[in-house]
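This is final-v5.txt (compact mmCIF, C-alpha atoms and all ligand atoms).
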# COMPACT_ATOMS: atom_id res chain seq x y z
CA MET E 1 149.47 151.47 62.58
CA LYS E 2 151.86 148.60 63.22
CA VAL E 3 152.69 147.92 66.86
CA VAL E 4 156.08 146.50 67.76
CA LEU E 5 156.82 144.91 71.11
CA GLN E 6 160.52 144.42 71.77
CA ASN E 7 161.59 142.22 74.67
CA LEU E 8 158.67 143.54 76.69
CA THR E 9 158.94 142.47 80.33
CA LYS E 10 156.98 143.29 83.45
CA ILE E 11 158.09 142.19 86.89
CA PHE E 12 155.93 143.02 89.89
CA PRO E 13 157.89 143.24 93.15
CA SER E 14 156.93 140.84 95.87
CA ARG E 15 154.34 142.20 98.26
CA ASP E 16 155.73 140.26 101.18
CA LYS E 17 159.38 141.34 101.28
CA LYS E 18 160.58 138.34 103.35
CA ALA E 19 158.81 135.30 101.98
CA GLY E 20 157.27 136.49 98.72
CA LYS E 21 158.75 136.09 95.29
CA GLU E 22 158.55 138.71 92.57
CA VAL E 23 156.05 137.95 89.81
CA VAL E 24 157.28 137.91 86.23
CA ALA E 25 153.93 138.81 84.68
CA VAL E 26 155.29 139.21 81.14
CA ASN E 27 158.61 137.74 80.14
CA ASP E 28 160.57 138.95 77.11
CA PHE E 29 157.63 139.37 74.73
CA SER E 30 158.70 140.33 71.19
CA PHE E 31 156.20 140.58 68.37
CA GLU E 32 155.33 142.83 65.46
CA ILE E 33 151.58 143.36 65.10
CA PRO E 34 150.90 144.22 61.46
CA ASP E 35 148.97 147.35 60.57
CA GLY E 36 145.18 146.98 60.54
CA LYS E 37 145.03 143.50 62.03
CA LEU E 38 143.01 142.13 64.91
CA ILE E 39 145.19 140.22 67.36
CA GLY E 40 143.78 138.00 70.08
CA LEU E 41 145.90 137.76 73.24
CA LEU E 42 144.89 134.49 74.78
CA GLY E 43 145.70 132.41 77.82
CA PRO E 44 144.45 131.23 81.19
CA SER E 45 143.92 133.58 84.11
CA GLY E 46 147.17 135.12 85.34
CA CYS E 47 149.17 134.44 82.17
CA GLY E 48 149.97 138.14 81.69
CA LYS E 49 147.60 139.16 78.92
CA SER E 50 146.07 142.15 80.74
CA THR E 51 149.51 143.31 81.87
CA THR E 52 150.68 143.21 78.24
CA LEU E 53 147.68 145.26 77.17
CA TYR E 54 148.18 147.77 79.99
CA MET E 55 151.80 148.26 78.97
CA ILE E 56 150.75 148.90 75.38
CA SER E 57 148.16 151.40 76.65
CA GLY E 58 150.60 153.14 78.98
CA LEU E 59 148.62 152.30 82.12
CA GLN E 60 151.57 150.23 83.31
CA LYS E 61 155.26 150.88 82.82
CA PRO E 62 157.38 148.00 81.51
CA THR E 63 160.29 146.76 83.62
CA GLY E 64 162.20 146.19 80.40
CA GLY E 65 161.80 146.36 76.65
CA GLN E 66 160.24 148.84 74.25
CA ILE E 67 156.93 149.54 72.53
CA PHE E 68 156.69 151.20 69.11
CA PHE E 69 153.61 152.51 67.31
CA GLY E 70 154.85 152.65 63.74
CA ASP E 71 158.30 154.24 64.11
CA ASP E 72 157.39 156.13 67.32
CA ASP E 73 158.88 154.81 70.51
CA VAL E 74 155.93 155.19 72.89
CA THR E 75 157.46 153.24 75.79
CA ASN E 76 157.64 156.26 78.06
CA LEU E 77 154.67 158.23 76.76
CA PRO E 78 151.67 158.68 79.05
CA THR E 79 148.42 156.98 77.99
CA GLU E 80 146.77 160.19 76.78
CA SER E 81 149.61 160.89 74.35
CA ARG E 82 149.66 157.45 72.77
CA GLY E 83 146.45 157.63 70.77
CA VAL E 84 144.94 154.45 72.12
CA GLY E 85 141.27 153.62 72.60
CA LEU E 86 140.56 151.42 75.59
CA VAL E 87 137.55 149.22 76.27
CA PHE E 88 137.25 147.22 79.47
CA GLN E 89 135.08 144.38 80.68
CA ASN E 90 132.98 146.67 82.90
CA TYR E 91 131.89 149.29 80.46
CA ALA E 92 132.97 152.11 82.83
CA LEU E 93 130.41 154.57 81.46
CA TYR E 94 129.42 157.67 83.43
CA PRO E 95 125.97 156.68 84.77
CA HIS E 96 124.65 160.23 85.15
CA MET E 97 125.48 161.16 81.55
CA THR E 98 123.54 160.31 78.42
CA VAL E 99 125.06 158.14 75.71
CA LYS E 100 125.83 161.26 73.70
CA GLN E 101 127.56 162.92 76.65
CA ASN E 102 129.54 159.77 77.36
CA ILE E 103 130.79 159.56 73.79
CA LEU E 104 131.54 163.29 73.62
CA PHE E 105 133.46 163.26 76.88
CA PRO E 106 136.93 162.32 75.54
CA LEU E 107 136.64 165.02 72.84
CA GLN E 108 135.62 167.73 75.31
CA ASN E 109 138.82 167.08 77.24
CA LEU E 110 141.11 167.74 74.28
CA LYS E 111 143.44 170.64 74.85
CA GLY E 112 145.47 173.12 72.82
CA ALA E 113 145.77 172.43 69.11
CA ASP E 114 143.60 169.32 69.41
CA LYS E 115 140.61 171.30 70.73
CA MET E 116 137.54 170.81 68.50
CA SER E 117 134.48 172.91 67.71
CA LYS E 118 131.11 171.78 69.09
CA LYS E 119 129.89 170.97 65.61
CA ASP E 120 132.92 168.80 64.79
CA MET E 121 132.65 167.00 68.10
CA LEU E 122 128.99 166.18 67.50
CA GLU E 123 129.76 164.98 63.99
CA ARG E 124 132.46 162.67 65.33
CA ALA E 125 130.25 161.39 68.13
CA TYR E 126 127.43 160.55 65.72
CA HIS E 127 129.84 158.90 63.33
CA ALA E 128 131.19 156.66 66.14
CA ALA E 129 127.65 155.93 67.36
CA LYS E 130 126.65 154.94 63.84
CA LEU E 131 129.59 152.58 63.55
CA VAL E 132 128.42 150.67 66.61
CA GLN E 133 124.75 151.11 65.66
CA ILE E 134 123.52 153.02 68.71
CA GLU E 135 122.68 156.32 67.03
CA ASP E 136 119.02 155.90 68.08
CA LEU E 137 119.93 155.66 71.75
CA MET E 138 121.92 158.87 72.11
CA ASP E 139 119.63 160.43 74.75
CA ARG E 140 119.42 157.38 76.99
CA LYS E 141 121.42 156.92 80.16
CA PRO E 142 123.56 153.76 80.60
CA GLY E 143 121.16 152.34 83.22
CA GLU E 144 118.40 152.32 80.61
CA MET E 145 120.30 150.06 78.23
CA SER E 146 121.23 146.38 77.94
CA GLY E 147 124.77 145.19 78.66
CA GLY E 148 125.45 144.75 74.96
CA GLN E 149 124.27 148.28 74.18
CA GLN E 150 126.40 149.68 77.01
CA GLN E 151 129.44 147.92 75.66
CA ARG E 152 128.75 149.42 72.23
CA VAL E 153 128.73 152.86 73.85
CA ALA E 154 132.07 152.07 75.46
CA ILE E 155 133.44 151.07 72.07
CA ALA E 156 132.07 154.24 70.47
CA ARG E 157 133.71 156.27 73.22
CA ALA E 158 137.02 154.54 72.52
CA LEU E 159 136.66 155.12 68.77
CA VAL E 160 135.61 158.76 68.88
CA LYS E 161 139.16 160.04 69.24
CA MET E 162 140.16 158.01 66.18
CA PRO E 163 142.77 156.03 68.07
CA ARG E 164 145.87 154.65 66.39
CA VAL E 165 145.40 151.41 68.29
CA LEU E 166 142.26 149.93 69.86
CA LEU E 167 142.75 147.85 73.00
CA LEU E 168 139.98 145.60 74.30
CA ASP E 169 140.29 143.84 77.64
CA GLU E 170 137.76 141.00 77.95
CA PRO E 171 135.08 143.25 76.44
CA LEU E 172 132.48 140.49 76.22
CA SER E 173 132.78 138.92 79.66
CA ASN E 174 129.75 140.63 81.15
CA LEU E 175 127.42 139.69 78.31
CA ASP E 176 125.20 136.63 78.10
CA ALA E 177 126.04 133.88 75.62
CA ARG E 178 123.91 135.14 72.73
CA LEU E 179 125.03 138.74 73.09
CA ARG E 180 128.66 137.66 73.33
CA LEU E 181 128.36 135.97 69.98
CA GLN E 182 126.64 138.94 68.40
CA THR E 183 128.96 141.54 69.93
CA ARG E 184 132.12 139.71 68.93
CA GLU E 185 130.96 139.74 65.33
CA GLU E 186 130.20 143.44 65.73
CA ILE E 187 133.72 144.06 67.00
CA ARG E 188 135.09 142.26 63.98
CA ARG E 189 132.93 144.32 61.64
CA ILE E 190 133.87 147.62 63.29
CA GLN E 191 137.53 146.67 63.21
CA ARG E 192 137.32 145.84 59.49
CA GLU E 193 135.43 149.06 58.71
CA THR E 194 137.83 151.29 60.61
CA GLY E 195 141.02 149.37 59.82
CA ILE E 196 142.35 150.20 63.29
CA THR E 197 145.00 147.83 64.61
CA THR E 198 143.21 146.09 67.46
CA ILE E 199 144.41 143.98 70.34
CA PHE E 200 141.80 141.89 72.06
CA VAL E 201 142.43 140.15 75.37
CA THR E 202 140.38 137.11 76.30
CA HIS E 203 140.69 133.82 78.16
CA ASP E 204 138.07 132.33 75.82
CA GLN E 205 139.86 130.48 73.05
CA GLU E 206 136.78 130.12 70.89
CA GLU E 207 136.16 133.86 71.02
CA ALA E 208 139.75 134.68 70.10
CA MET E 209 139.89 132.10 67.32
CA SER E 210 136.63 133.22 65.77
CA ILE E 211 137.50 136.88 65.21
CA SER E 212 141.29 137.25 65.26
CA ASP E 213 143.62 137.50 62.30
CA MET E 214 146.31 136.16 64.58
CA ILE E 215 146.33 134.76 68.08
CA VAL E 216 149.07 134.93 70.69
CA VAL E 217 148.86 132.12 73.23
CA MET E 218 150.50 132.94 76.57
CA LYS E 219 151.32 130.88 79.65
CA LEU E 220 152.82 132.25 82.87
CA GLY E 221 154.03 135.42 81.20
CA VAL E 222 155.70 133.61 78.31
CA VAL E 223 154.45 133.60 74.73
CA GLN E 224 153.93 130.02 73.61
CA GLN E 225 152.84 130.42 70.01
CA ILE E 226 151.78 133.11 67.56
CA GLY E 227 149.93 132.51 64.30
CA ALA E 228 146.67 132.48 62.40
CA PRO E 229 144.03 130.71 64.53
CA GLN E 230 143.66 127.72 62.20
CA GLU E 231 147.41 127.39 61.82
CA VAL E 232 147.94 127.25 65.59
CA TYR E 233 145.03 124.83 66.03
CA ASP E 234 146.38 122.55 63.31
CA ASN E 235 149.99 122.80 64.43
CA PRO E 236 150.34 123.36 68.17
CA ILE E 237 153.98 123.51 69.22
CA ASN E 238 153.44 122.01 72.66
CA LEU E 239 150.89 120.21 74.78
CA PHE E 240 149.76 123.41 76.53
CA VAL E 241 148.74 125.06 73.24
CA ALA E 242 147.14 121.83 71.98
CA LYS E 243 145.06 121.59 75.14
CA PHE E 244 144.17 125.25 75.27
CA LEU E 245 142.63 125.44 71.80
CA GLY E 246 139.59 123.49 70.69
CA THR E 247 136.06 122.71 71.85
CA PRO E 248 135.58 119.94 72.80
CA PRO E 249 139.21 119.84 73.95
CA ILE E 250 141.86 117.57 72.55
CA ASN E 251 141.94 114.01 73.94
CA VAL E 252 145.20 113.24 75.74
CA PHE E 253 146.61 109.72 76.22
CA ASP E 254 149.72 108.12 77.66
CA GLY E 255 151.44 106.45 74.76
CA ALA E 256 154.69 105.11 73.43
CA VAL E 257 156.60 104.97 70.17
CA LYS E 258 158.08 101.54 69.48
CA ASP E 259 159.57 100.22 66.25
CA GLY E 260 157.97 102.88 64.08
CA LYS E 261 154.54 102.54 65.61
CA LEU E 262 152.57 104.69 68.00
CA TYR E 263 150.98 102.73 70.83
CA ILE E 264 148.08 103.72 73.03
CA GLY E 265 147.96 101.04 75.70
CA GLU E 266 148.65 97.75 73.93
CA GLU E 267 147.22 98.93 70.63
CA ALA E 268 149.42 100.13 67.75
CA VAL E 269 147.27 102.96 66.44
CA LEU E 270 149.47 104.68 63.82
CA ASP E 271 152.67 104.30 61.82
CA ILE E 272 155.23 106.84 62.96
CA ASN E 273 158.35 107.65 60.97
CA GLY E 274 161.67 108.91 62.24
CA VAL E 275 160.91 108.98 65.96
CA ALA E 276 163.10 107.09 68.43
CA ASP E 277 161.46 104.61 70.77
CA GLN E 278 160.19 106.45 73.85
CA GLU E 279 157.18 107.08 76.02
CA VAL E 280 155.13 110.02 74.75
CA THR E 281 151.99 111.99 75.43
CA VAL E 282 149.49 111.64 72.60
CA GLY E 283 146.91 114.29 71.67
CA ILE E 284 144.04 113.43 69.35
CA ARG E 285 141.58 116.09 68.23
CA PRO E 286 137.92 115.01 68.60
CA GLU E 287 137.52 115.15 64.82
CA GLY E 288 140.57 112.89 64.35
CA PHE E 289 138.67 109.68 65.11
CA VAL E 290 137.04 107.60 62.36
CA LEU E 291 134.51 104.94 63.30
CA ASP E 292 135.97 101.73 61.93
CA ASP E 293 135.06 98.17 62.98
CA ASN E 294 138.58 97.12 62.03
CA GLY E 295 140.22 100.18 63.57
CA PRO E 296 143.15 99.73 65.95
CA LEU E 297 141.92 101.85 68.89
CA THR E 298 139.28 100.35 71.14
CA CYS E 299 137.34 102.43 73.66
CA LYS E 300 134.54 101.49 76.02
CA LEU E 301 131.39 103.20 74.78
CA THR E 302 129.66 105.34 77.40
CA SER E 303 127.14 107.54 75.64
CA LEU E 304 126.25 109.56 72.57
CA GLU E 305 125.57 113.27 72.59
CA VAL E 306 123.68 114.55 69.58
CA MET E 307 124.78 118.03 68.59
CA GLY E 308 122.67 118.48 65.45
CA ARG E 309 124.95 118.08 62.47
CA ASP E 310 127.49 116.13 64.50
CA VAL E 311 127.45 113.47 67.16
CA SER E 312 129.82 113.37 70.07
CA VAL E 313 130.76 109.83 71.01
CA VAL E 314 131.77 109.59 74.66
CA SER E 315 133.90 106.62 75.65
CA GLU E 316 136.64 105.52 78.01
CA ASN E 317 140.15 104.22 77.55
CA ALA E 318 142.56 103.11 80.28
CA ALA E 319 145.41 105.17 78.75
CA SER E 320 143.37 108.37 78.56
CA GLN E 321 144.50 111.19 80.85
CA ASN E 322 140.96 112.55 80.87
CA PRO E 323 137.98 110.75 82.42
CA VAL E 324 136.39 110.40 78.97
CA VAL E 325 137.44 110.26 75.34
CA ARG E 326 135.30 112.48 73.19
CA SER E 327 135.15 112.09 69.43
CA ILE E 328 133.10 114.13 67.00
CA ILE E 329 131.64 112.33 64.02
CA ASN E 330 129.10 113.23 61.38
CA ALA E 331 125.51 112.50 62.48
CA ASP E 332 125.03 110.40 59.32
CA ASN E 333 127.17 107.71 60.93
CA LYS E 334 125.04 105.26 62.82
CA VAL E 335 126.45 104.25 66.17
CA ASP E 336 125.04 101.24 67.98
CA VAL E 337 124.52 102.65 71.48
CA SER E 338 124.03 99.19 72.95
CA ALA E 339 127.52 98.09 71.83
CA GLU E 340 130.10 97.62 74.58
CA ASN E 341 133.00 99.07 72.64
CA VAL E 342 133.63 101.51 69.86
CA LYS E 343 136.56 101.06 67.48
CA TYR E 344 138.43 103.82 65.74
CA SER E 345 141.10 104.39 63.17
CA LEU E 346 142.81 107.78 63.35
CA LYS E 347 143.44 110.66 60.97
CA ALA E 348 147.21 111.09 61.19
CA HIS E 349 147.12 114.89 60.81
CA LYS E 350 144.85 115.17 63.84
CA VAL E 351 147.23 113.19 66.03
CA PHE E 352 150.07 115.00 67.81
CA ILE E 353 152.76 113.50 69.98
CA PHE E 354 154.66 115.32 72.71
CA ASN E 355 157.78 114.70 74.77
CA LYS E 356 156.63 113.23 78.07
CA GLU E 357 158.81 115.55 80.18
CA THR E 358 159.13 118.81 78.24
CA GLU E 359 155.67 118.53 76.61
CA GLU E 360 157.21 119.91 73.41
CA ARG E 361 155.83 118.56 70.13
CA ILE E 362 157.63 115.67 68.46
CA TYR E 363 157.14 115.88 64.71
CA PHE E 364 156.66 112.77 62.61
P1 LIG A 401 143.16 137.47 84.06
O1 LIG A 401 142.56 136.81 82.87
O2 LIG A 401 142.83 136.75 85.34
O3 LIG A 401 142.95 138.94 84.13
P2 LIG A 401 145.80 137.89 82.95
O4 LIG A 401 146.31 136.87 82.02
O5 LIG A 401 145.27 139.13 82.38
O6 LIG A 401 144.76 137.23 83.95
P3 LIG A 401 147.53 139.57 84.46
O7 LIG A 401 146.43 140.32 85.12
O8 LIG A 401 148.30 140.22 83.40
O9 LIG A 401 147.00 138.18 83.94
O10 LIG A 401 148.53 139.10 85.62
C1 LIG A 401 149.73 138.38 85.35
C2 LIG A 401 150.42 138.05 86.68
O11 LIG A 401 150.86 139.25 87.29
C3 LIG A 401 149.53 137.36 87.67
O12 LIG A 401 150.31 136.40 88.37
C4 LIG A 401 149.11 138.47 88.60
O13 LIG A 401 148.85 137.99 89.90
C5 LIG A 401 150.32 139.38 88.58
N1 LIG A 401 149.96 140.79 88.79
C6 LIG A 401 149.13 141.54 88.01
N2 LIG A 401 149.04 142.81 88.46
C7 LIG A 401 149.83 142.86 89.57
C8 LIG A 401 150.18 143.89 90.51
N3 LIG A 401 149.70 145.13 90.37
N4 LIG A 401 151.02 143.56 91.52
C9 LIG A 401 151.51 142.33 91.65
N5 LIG A 401 151.25 141.32 90.80
C10 LIG A 401 150.42 141.57 89.78
Go ahead and render the structure in this file as structure tokens.
Ligand code: ATP
Amino acid sequence: MKVVLQNLTKIFPSRDKKAGKEVVAVNDFSFEIPDGKLIGLLGPSGCGKSTTLYMISGLQKPTGGQIFFGDDDVTNLPTESRGVGLVFQNYALYPHMTVKQNILFPLQNLKGADKMSKKDMLERAYHAAKLVQIEDLMDRKPGEMSGGQQQRVAIARALVKMPRVLLLDEPLSNLDARLRLQTREEIRRIQRETGITTIFVTHDQEEAMSISDMIVVMKLGVVQQIGAPQEVYDNPINLFVAKFLGTPPINVFDGAVKDGKLYIGEEAVLDINGVADQEVTVGIRPEGFVLDDNGPLTCKLTSLEVMGRDVSVVSENAASQNPVVRSIINADNKVDVSAENVKYSLKAHKVFIFNKETEERIYF
């Protein structure tokens, strides 16, 4: 089921009538989510991702714009008529019910023509439980299960009604690191197996990038960039997106373009074509540095962090906007830790420059 958002806007009135300002939580969001894809809605706290999800689910009414599921305009439909499955951060299971009863619950509430026989309901419940691999735990109560297992139950409960669209709001936030990793892969598998168009809200860029077909990066209610995760990582359209994606994060420097060269401090680090002389902000991905004794960029070596296959070289540079410059190099490279400085040349496609005021990308 494709989902179309047309000029979707949500404005919350000010709470304090005199001094307060209204909050534009989502501002003119238009996007067509292709059928059967997993979309990651991504951005820092307060950027409007949950509000977007709640409008798609029907839990919140848009101030403006429309929402379509396929050709159906669902903008004014109540949640229960939209055919959405919802999974939240706190699993919201009924503690006094068994897993089986929890999963059956949405089916038992169906009315009229949708009403199902007991046998069909059980079949559906077991099918959903099998999908999330909890069919052996059907007689347990939520309190007798791990967080990861409880979240699987919540997903099964959302799937049991065979929703047209699956909506997940920070579903992994309450899980520990290892379970998060495992459960996110599970979500991806379940989504592939069912082919249900899925929208996944998270503030964790790594999580969104690892499982999404496409990511939508939001800031203060405004969509910044939409694309395949790698595409957005490789081609951020502004400094915000460049900074938001990537672990370790992108290194940011004060720089300048002069006579066809990009300068960081006094050092001309790269040839730049077709850009007028100006001060710029420079972003360099950690993997964009190449150790090179004759390289143009000099940084003061601080420490090395071994990460197994790779080594993170931590250094300092007066033009850096961050306290440290962090490069990632292959562990086969030998770095002399006693050296005062480290010298780099740069991979041009890992270097981005941005307008100093607008922070928009300048292409070269
Ligand atoms: P988080 O990751 O912290 O949940 P988010 O990106 O999901 O953040 P939203 O919850 O969508 O952000 O909130 C977007 C903006 O709308 C925020 O500034 C928030 O304070 C505001 N907001 C959300 N719900 C309401 C409400 N019911 N009344 C007033 N303002 C609200």
Contacts of range 338-353 of chain E at 7 Å (only C-alpha atoms; same-chain gap of 4+ positions) as a ChimeraX atom specification
/E:280-285,288-293,295-301,361-362
At a cut-off of 7 Å around ligand LIG 401 (chain A), and using all atoms listed in the file, what residues come up? Please write them as a ChimeraX atom specification.
/E:12-13,23-25,43-52,202-203,221
Using only C-alpha atoms, which of the listed residues (E:Gly85, E:Gly274, E:Pro62, E:Pro229) sits closest to Val165 in chain E?
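The shortest atom-to-atom distance to Val165 in chain E comes from E:Gly85.
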Compare E:Lys243, E:Lys118, E:Arg164, E:Lys261 by their minimum atom-to-atom distance to Pro286 in chain E, counting only C-alpha atoms, and give me the closest one.
E:Lys243
Nearest candidate to Asp35 in chain E (options E:Ile199, E:Met116, E:Ile328, E:Ala156; using all atoms listed in the file)
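Ranked by minimum distance to Asp35 in chain E, first place goes to E:Ile199.
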In Å, how far is it from CA of Glu360 in chain E to CA of Leu239 in chain E?
6.5 Å
Selection: 10 Å around Thr194 in chain E, only C-alpha atoms, excl. self and same-chain fewer than 2 positions, as JSON, numbers by chain
{"E": [36, 131, 159, 162, 189, 190, 191, 192, 196, 197]}
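Using only C-alpha atoms, the residues found no farther than 10 Å from Gln150 in chain E, other than those of its own chain fewer than 6 positions away, are Asn90, Tyr91, Ala92, Leu93, Val99, Ile134, Lys141, Pro142, Gly143, Glu144 and Ala156 of chain E.
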Please indicate the distance in Å from CA of Val313 in chain E to CA of Phe354 in chain E, rounded to one decimal place.
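If I compute the distance from CA of Val313 in chain E to CA of Phe354 in chain E, I get 24.6 Å.
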